[in-house]
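K.L.:
Provided herewith is a single structure, encoded as structure tokens, for subsequent inquiry.
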Amino acid sequence: MDGFLGGQLPFFILMFVVVYFFMIRPSIQKQKKEKRFAEALSKGDKVITKSGLHAKILDINEDGTVILESGAGKMKFEKSALSMEMSAKLNSPAEKK
């Protein structure tokens with residue numbers, strides 16, 4: 001019992017701390033950012049879906065869906081299908097060269 005407490009227990013604690021800070025915590029933070037992104041969407045916003053469709057939001061429904069308008073017409077998508085990263089790049093001001 002002394003060997004476990006003296007050598008392996010601190011290793012397991014250290015391993016858990018490393019896994020938490022490098023895997024679990026960033027995942028939780030990303031989920032929170034995506035939730036804020038979905039809540040901040042409004043009519044008229046230009047977005048990109050995770051499959052690469054560029055569109056403009058026509059309507060946001062209470063059931064978690066959005067009506068998008070693109071060159072192909074009007075389509076209904078889940079909010080979770082919208083890409084936070086690509087939509088942010090689309091709406092950010094262009095960098096000057």
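Every chain in the structure tokens takes a letter, A first, then B, and so on in the order presented; its residues are numbered from 1, and the ligands are numbered from 1 following the presented order.
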What's the 8 Å shell around segment 70-73 of chain A, counting only C-alpha atoms, without same-chain residues fewer than 4 positions away, as a PyMOL selection string?

P.N.:
chain A and resi 53-56

K.L.:
Keeping only C-alpha atoms, write those residues as a PDB file, in the first residue's frame.

P.N.:
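Okay, out_33.pdb is ready:
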```pdb
ATOM      1  CA  LEU A  53     -22.965  26.714 -47.667  1.00  0.00           C
ATOM      2  CA  HIS A  54     -22.872  30.538 -47.635  1.00  0.00           C
ATOM      3  CA  ALA A  55     -26.236  32.040 -46.733  1.00  0.00           C
ATOM      4  CA  LYS A  56     -28.133  34.830 -44.991  1.00  0.00           C
TER       5      LYS A  56
END
```

K.L.:
How many Å lie between atom CA of Ile13 of chain A and atom CA of Lys33 of chain A, rounded to one decimal?

P.N.:
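A separation of 28.5 Å between them.
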
K.L.:
Identify all residues of chain A in alpha helix (DSSP H) (DSSP on the backbone) and supply them as a compact mmCIF listing (two decimals) with N, CA and C atoms, in the first residue's frame.

P.N.:
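Contents of states29.txt, freshly written:
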```txt
# COMPACT_ATOMS: atom_id res chain seq x y z
N ASP A 2 1.98 1.19 0.70
CA ASP A 2 2.87 2.34 0.79
C ASP A 2 3.42 2.72 -0.58
N GLY A 3 3.71 1.72 -1.43
CA GLY A 3 4.26 1.98 -2.76
C GLY A 3 3.25 2.71 -3.64
N LEU A 9 0.04 7.32 -6.92
CA LEU A 9 -1.06 8.26 -6.70
C LEU A 9 -0.72 9.67 -7.19
N PRO A 10 0.44 10.22 -6.85
CA PRO A 10 0.77 11.55 -7.39
C PRO A 10 0.84 11.56 -8.92
N PHE A 11 1.29 10.45 -9.52
CA PHE A 11 1.34 10.36 -10.98
C PHE A 11 -0.07 10.42 -11.57
N PHE A 12 -1.02 9.70 -10.98
CA PHE A 12 -2.40 9.72 -11.47
C PHE A 12 -3.04 11.09 -11.30
N ILE A 13 -2.75 11.73 -10.19
CA ILE A 13 -3.28 13.09 -9.97
C ILE A 13 -2.71 14.05 -11.00
N LEU A 14 -1.43 13.98 -11.23
CA LEU A 14 -0.78 14.84 -12.23
C LEU A 14 -1.34 14.55 -13.62
N MET A 15 -1.56 13.28 -13.94
CA MET A 15 -2.11 12.92 -15.25
C MET A 15 -3.52 13.48 -15.41
N PHE A 16 -4.34 13.41 -14.37
CA PHE A 16 -5.69 13.97 -14.45
C PHE A 16 -5.65 15.48 -14.65
N VAL A 17 -4.77 16.17 -13.94
CA VAL A 17 -4.64 17.63 -14.08
C VAL A 17 -4.24 17.99 -15.51
N VAL A 18 -3.29 17.26 -16.08
CA VAL A 18 -2.85 17.53 -17.46
C VAL A 18 -4.00 17.29 -18.43
N VAL A 19 -4.71 16.18 -18.29
CA VAL A 19 -5.84 15.87 -19.18
C VAL A 19 -6.91 16.95 -19.04
N ARG A 25 -11.04 21.12 -20.34
CA ARG A 25 -11.32 22.55 -20.19
C ARG A 25 -11.46 23.27 -21.53
N PRO A 26 -10.56 23.06 -22.51
CA PRO A 26 -10.74 23.73 -23.80
C PRO A 26 -12.03 23.31 -24.50
N SER A 27 -12.42 22.05 -24.34
CA SER A 27 -13.66 21.58 -24.94
C SER A 27 -14.86 22.28 -24.33
N ILE A 28 -14.87 22.44 -23.02
CA ILE A 28 -15.96 23.13 -22.33
C ILE A 28 -16.02 24.60 -22.77
N GLN A 29 -14.87 25.24 -22.88
CA GLN A 29 -14.83 26.64 -23.30
C GLN A 29 -15.34 26.80 -24.73
N LYS A 30 -14.99 25.87 -25.62
CA LYS A 30 -15.46 25.94 -27.00
C LYS A 30 -16.97 25.77 -27.06
N GLN A 31 -17.52 24.86 -26.26
CA GLN A 31 -18.96 24.66 -26.22
C GLN A 31 -19.67 25.93 -25.76
N LYS A 32 -19.11 26.62 -24.77
CA LYS A 32 -19.71 27.87 -24.29
C LYS A 32 -19.67 28.95 -25.37
N LYS A 33 -18.54 29.05 -26.11
CA LYS A 33 -18.43 30.03 -27.19
C LYS A 33 -19.44 29.74 -28.30
N GLU A 34 -19.62 28.46 -28.65
CA GLU A 34 -20.58 28.10 -29.68
C GLU A 34 -22.01 28.39 -29.24
N LYS A 35 -22.29 28.21 -27.97
CA LYS A 35 -23.63 28.51 -27.45
C LYS A 35 -23.89 30.02 -27.52
N ARG A 36 -22.88 30.83 -27.13
CA ARG A 36 -23.03 32.29 -27.23
C ARG A 36 -23.21 32.73 -28.68
N PHE A 37 -22.47 32.09 -29.61
CA PHE A 37 -22.60 32.39 -31.03
C PHE A 37 -24.03 32.11 -31.51
N ALA A 38 -24.57 30.95 -31.14
CA ALA A 38 -25.92 30.58 -31.56
C ALA A 38 -26.97 31.52 -30.98
N GLU A 39 -26.76 31.96 -29.74
CA GLU A 39 -27.71 32.88 -29.11
C GLU A 39 -27.64 34.28 -29.70
N ALA A 40 -26.48 34.67 -30.22
CA ALA A 40 -26.29 36.02 -30.75
C ALA A 40 -26.72 36.15 -32.21
N MET A 84 -19.25 28.44 -36.43
CA MET A 84 -18.87 29.66 -35.71
C MET A 84 -17.60 30.25 -36.30
N GLU A 85 -16.59 29.41 -36.53
CA GLU A 85 -15.29 29.91 -37.00
C GLU A 85 -15.38 30.52 -38.40
N MET A 86 -16.01 29.79 -39.32
CA MET A 86 -16.09 30.29 -40.70
C MET A 86 -17.00 31.51 -40.81
N SER A 87 -18.08 31.54 -40.03
CA SER A 87 -18.97 32.69 -40.05
C SER A 87 -18.27 33.92 -39.49
N ALA A 88 -17.45 33.74 -38.47
CA ALA A 88 -16.71 34.86 -37.89
C ALA A 88 -15.72 35.43 -38.91
N LYS A 89 -15.06 34.55 -39.66
CA LYS A 89 -14.13 35.01 -40.69
C LYS A 89 -14.87 35.76 -41.79
N LEU A 90 -16.06 35.29 -42.14
CA LEU A 90 -16.86 35.93 -43.18
C LEU A 90 -17.28 37.34 -42.77
N ASN A 91 -17.63 37.51 -41.51
CA ASN A 91 -18.13 38.79 -41.02
C ASN A 91 -17.07 39.72 -40.49
```

K.L.:
From the DSSP assignment of the backbone, select every residue of chain A that is strand (DSSP E or B), and format the answer as a list in words.

P.N.:
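Answer for chain A, restricted to strand (DSSP E or B): Lys46, Val47, Ile48, Thr49, His54, Ala55, Lys56, Ile57, Leu58, Asp59, Ile60, Thr65, Val66, Ile67, Leu68, Glu69, Ser70, Gly73, Lys74, Met75, Lys76, Phe77, Glu78 and Leu82 of chain A.
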
K.L.:
Those same residues, written as a PDB file, in the first residue's frame with N, CA and C atoms?

P.N.:
```pdb
ATOM      1  N   LYS A  46     -24.957  37.104 -42.083  1.00  0.00           N
ATOM      2  CA  LYS A  46     -24.400  36.199 -43.088  1.00  0.00           C
ATOM      3  C   LYS A  46     -23.649  35.109 -42.348  1.00  0.00           C
ATOM      4  N   VAL A  47     -23.911  33.866 -42.726  1.00  0.00           N
ATOM      5  CA  VAL A  47     -23.302  32.722 -42.052  1.00  0.00           C
ATOM      6  C   VAL A  47     -22.811  31.704 -43.070  1.00  0.00           C
ATOM      7  N   ILE A  48     -22.003  30.789 -42.582  1.00  0.00           N
ATOM      8  CA  ILE A  48     -21.546  29.650 -43.366  1.00  0.00           C
ATOM      9  C   ILE A  48     -21.859  28.396 -42.559  1.00  0.00           C
ATOM     10  N   THR A  49     -22.445  27.407 -43.210  1.00  0.00           N
ATOM     11  CA  THR A  49     -22.729  26.159 -42.512  1.00  0.00           C
ATOM     12  C   THR A  49     -21.456  25.330 -42.436  1.00  0.00           C
ATOM     13  N   HIS A  54     -22.818  29.126 -48.012  1.00  0.00           N
ATOM     14  CA  HIS A  54     -22.872  30.538 -47.635  1.00  0.00           C
ATOM     15  C   HIS A  54     -24.316  30.986 -47.758  1.00  0.00           C
ATOM     16  N   ALA A  55     -24.826  31.646 -46.721  1.00  0.00           N
ATOM     17  CA  ALA A  55     -26.236  32.040 -46.733  1.00  0.00           C
ATOM     18  C   ALA A  55     -26.464  33.224 -45.802  1.00  0.00           C
ATOM     19  N   LYS A  56     -27.700  33.745 -45.868  1.00  0.00           N
ATOM     20  CA  LYS A  56     -28.133  34.830 -44.991  1.00  0.00           C
ATOM     21  C   LYS A  56     -29.327  34.325 -44.193  1.00  0.00           C
ATOM     22  N   ILE A  57     -29.374  34.682 -42.910  1.00  0.00           N
ATOM     23  CA  ILE A  57     -30.462  34.231 -42.040  1.00  0.00           C
ATOM     24  C   ILE A  57     -31.721  35.032 -42.339  1.00  0.00           C
ATOM     25  N   LEU A  58     -32.805  34.315 -42.674  1.00  0.00           N
ATOM     26  CA  LEU A  58     -34.097  34.959 -42.898  1.00  0.00           C
ATOM     27  C   LEU A  58     -34.965  34.937 -41.651  1.00  0.00           C
ATOM     28  N   ASP A  59     -34.901  33.829 -40.917  1.00  0.00           N
ATOM     29  CA  ASP A  59     -35.741  33.700 -39.728  1.00  0.00           C
ATOM     30  C   ASP A  59     -35.078  32.743 -38.746  1.00  0.00           C
ATOM     31  N   ILE A  60     -35.321  32.988 -37.459  1.00  0.00           N
ATOM     32  CA  ILE A  60     -34.819  32.117 -36.397  1.00  0.00           C
ATOM     33  C   ILE A  60     -36.029  31.603 -35.627  1.00  0.00           C
ATOM     34  N   THR A  65     -34.014  26.015 -34.936  1.00  0.00           N
ATOM     35  CA  THR A  65     -33.719  25.976 -36.366  1.00  0.00           C
ATOM     36  C   THR A  65     -33.664  27.389 -36.930  1.00  0.00           C
ATOM     37  N   VAL A  66     -33.011  27.522 -38.067  1.00  0.00           N
ATOM     38  CA  VAL A  66     -32.943  28.802 -38.770  1.00  0.00           C
ATOM     39  C   VAL A  66     -33.327  28.572 -40.227  1.00  0.00           C
ATOM     40  N   ILE A  67     -33.943  29.581 -40.812  1.00  0.00           N
ATOM     41  CA  ILE A  67     -34.261  29.564 -42.238  1.00  0.00           C
ATOM     42  C   ILE A  67     -33.185  30.389 -42.924  1.00  0.00           C
ATOM     43  N   LEU A  68     -32.469  29.752 -43.851  1.00  0.00           N
ATOM     44  CA  LEU A  68     -31.384  30.418 -44.554  1.00  0.00           C
ATOM     45  C   LEU A  68     -31.764  30.626 -46.011  1.00  0.00           C
ATOM     46  N   GLU A  69     -31.260  31.718 -46.573  1.00  0.00           N
ATOM     47  CA  GLU A  69     -31.464  31.978 -47.989  1.00  0.00           C
ATOM     48  C   GLU A  69     -30.097  32.002 -48.662  1.00  0.00           C
ATOM     49  N   SER A  70     -29.980  31.190 -49.695  1.00  0.00           N
ATOM     50  CA  SER A  70     -28.738  31.158 -50.460  1.00  0.00           C
ATOM     51  C   SER A  70     -29.098  31.206 -51.936  1.00  0.00           C
ATOM     52  N   GLY A  73     -31.896  28.930 -52.887  1.00  0.00           N
ATOM     53  CA  GLY A  73     -33.235  29.166 -52.359  1.00  0.00           C
ATOM     54  C   GLY A  73     -33.243  29.163 -50.841  1.00  0.00           C
ATOM     55  N   LYS A  74     -34.438  28.970 -50.286  1.00  0.00           N
ATOM     56  CA  LYS A  74     -34.597  28.952 -48.829  1.00  0.00           C
ATOM     57  C   LYS A  74     -34.457  27.530 -48.317  1.00  0.00           C
ATOM     58  N   MET A  75     -33.721  27.402 -47.198  1.00  0.00           N
ATOM     59  CA  MET A  75     -33.506  26.094 -46.590  1.00  0.00           C
ATOM     60  C   MET A  75     -33.589  26.221 -45.073  1.00  0.00           C
ATOM     61  N   LYS A  76     -33.973  25.115 -44.426  1.00  0.00           N
ATOM     62  CA  LYS A  76     -34.082  25.078 -42.968  1.00  0.00           C
ATOM     63  C   LYS A  76     -32.921  24.260 -42.414  1.00  0.00           C
ATOM     64  N   PHE A  77     -32.202  24.837 -41.450  1.00  0.00           N
ATOM     65  CA  PHE A  77     -31.055  24.176 -40.825  1.00  0.00           C
ATOM     66  C   PHE A  77     -31.170  24.271 -39.316  1.00  0.00           C
ATOM     67  N   GLU A  78     -30.516  23.358 -38.626  1.00  0.00           N
ATOM     68  CA  GLU A  78     -30.349  23.462 -37.180  1.00  0.00           C
ATOM     69  C   GLU A  78     -29.289  24.525 -36.909  1.00  0.00           C
ATOM     70  N   LEU A  82     -24.418  25.556 -38.148  1.00  0.00           N
ATOM     71  CA  LEU A  82     -23.718  26.768 -38.560  1.00  0.00           C
ATOM     72  C   LEU A  82     -22.321  26.777 -37.968  1.00  0.00           C
TER      73      LEU A  82
END
```

K.L.:
Any idea what the distance is between atom CA of Pro93 of chain A and atom CA of Ser80 of chain A?

P.N.:
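Taking atom CA of Pro93 of chain A as the start and atom CA of Ser80 of chain A as the end point, the length is 24.2 Å.
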
K.L.:
Measure the distance from atom CA of Asn61 of chain A to atom CA of Lys43 of chain A in Å and round it to one decimal.

P.N.:
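Rounded to one decimal, the two atoms are 10.7 Å apart.
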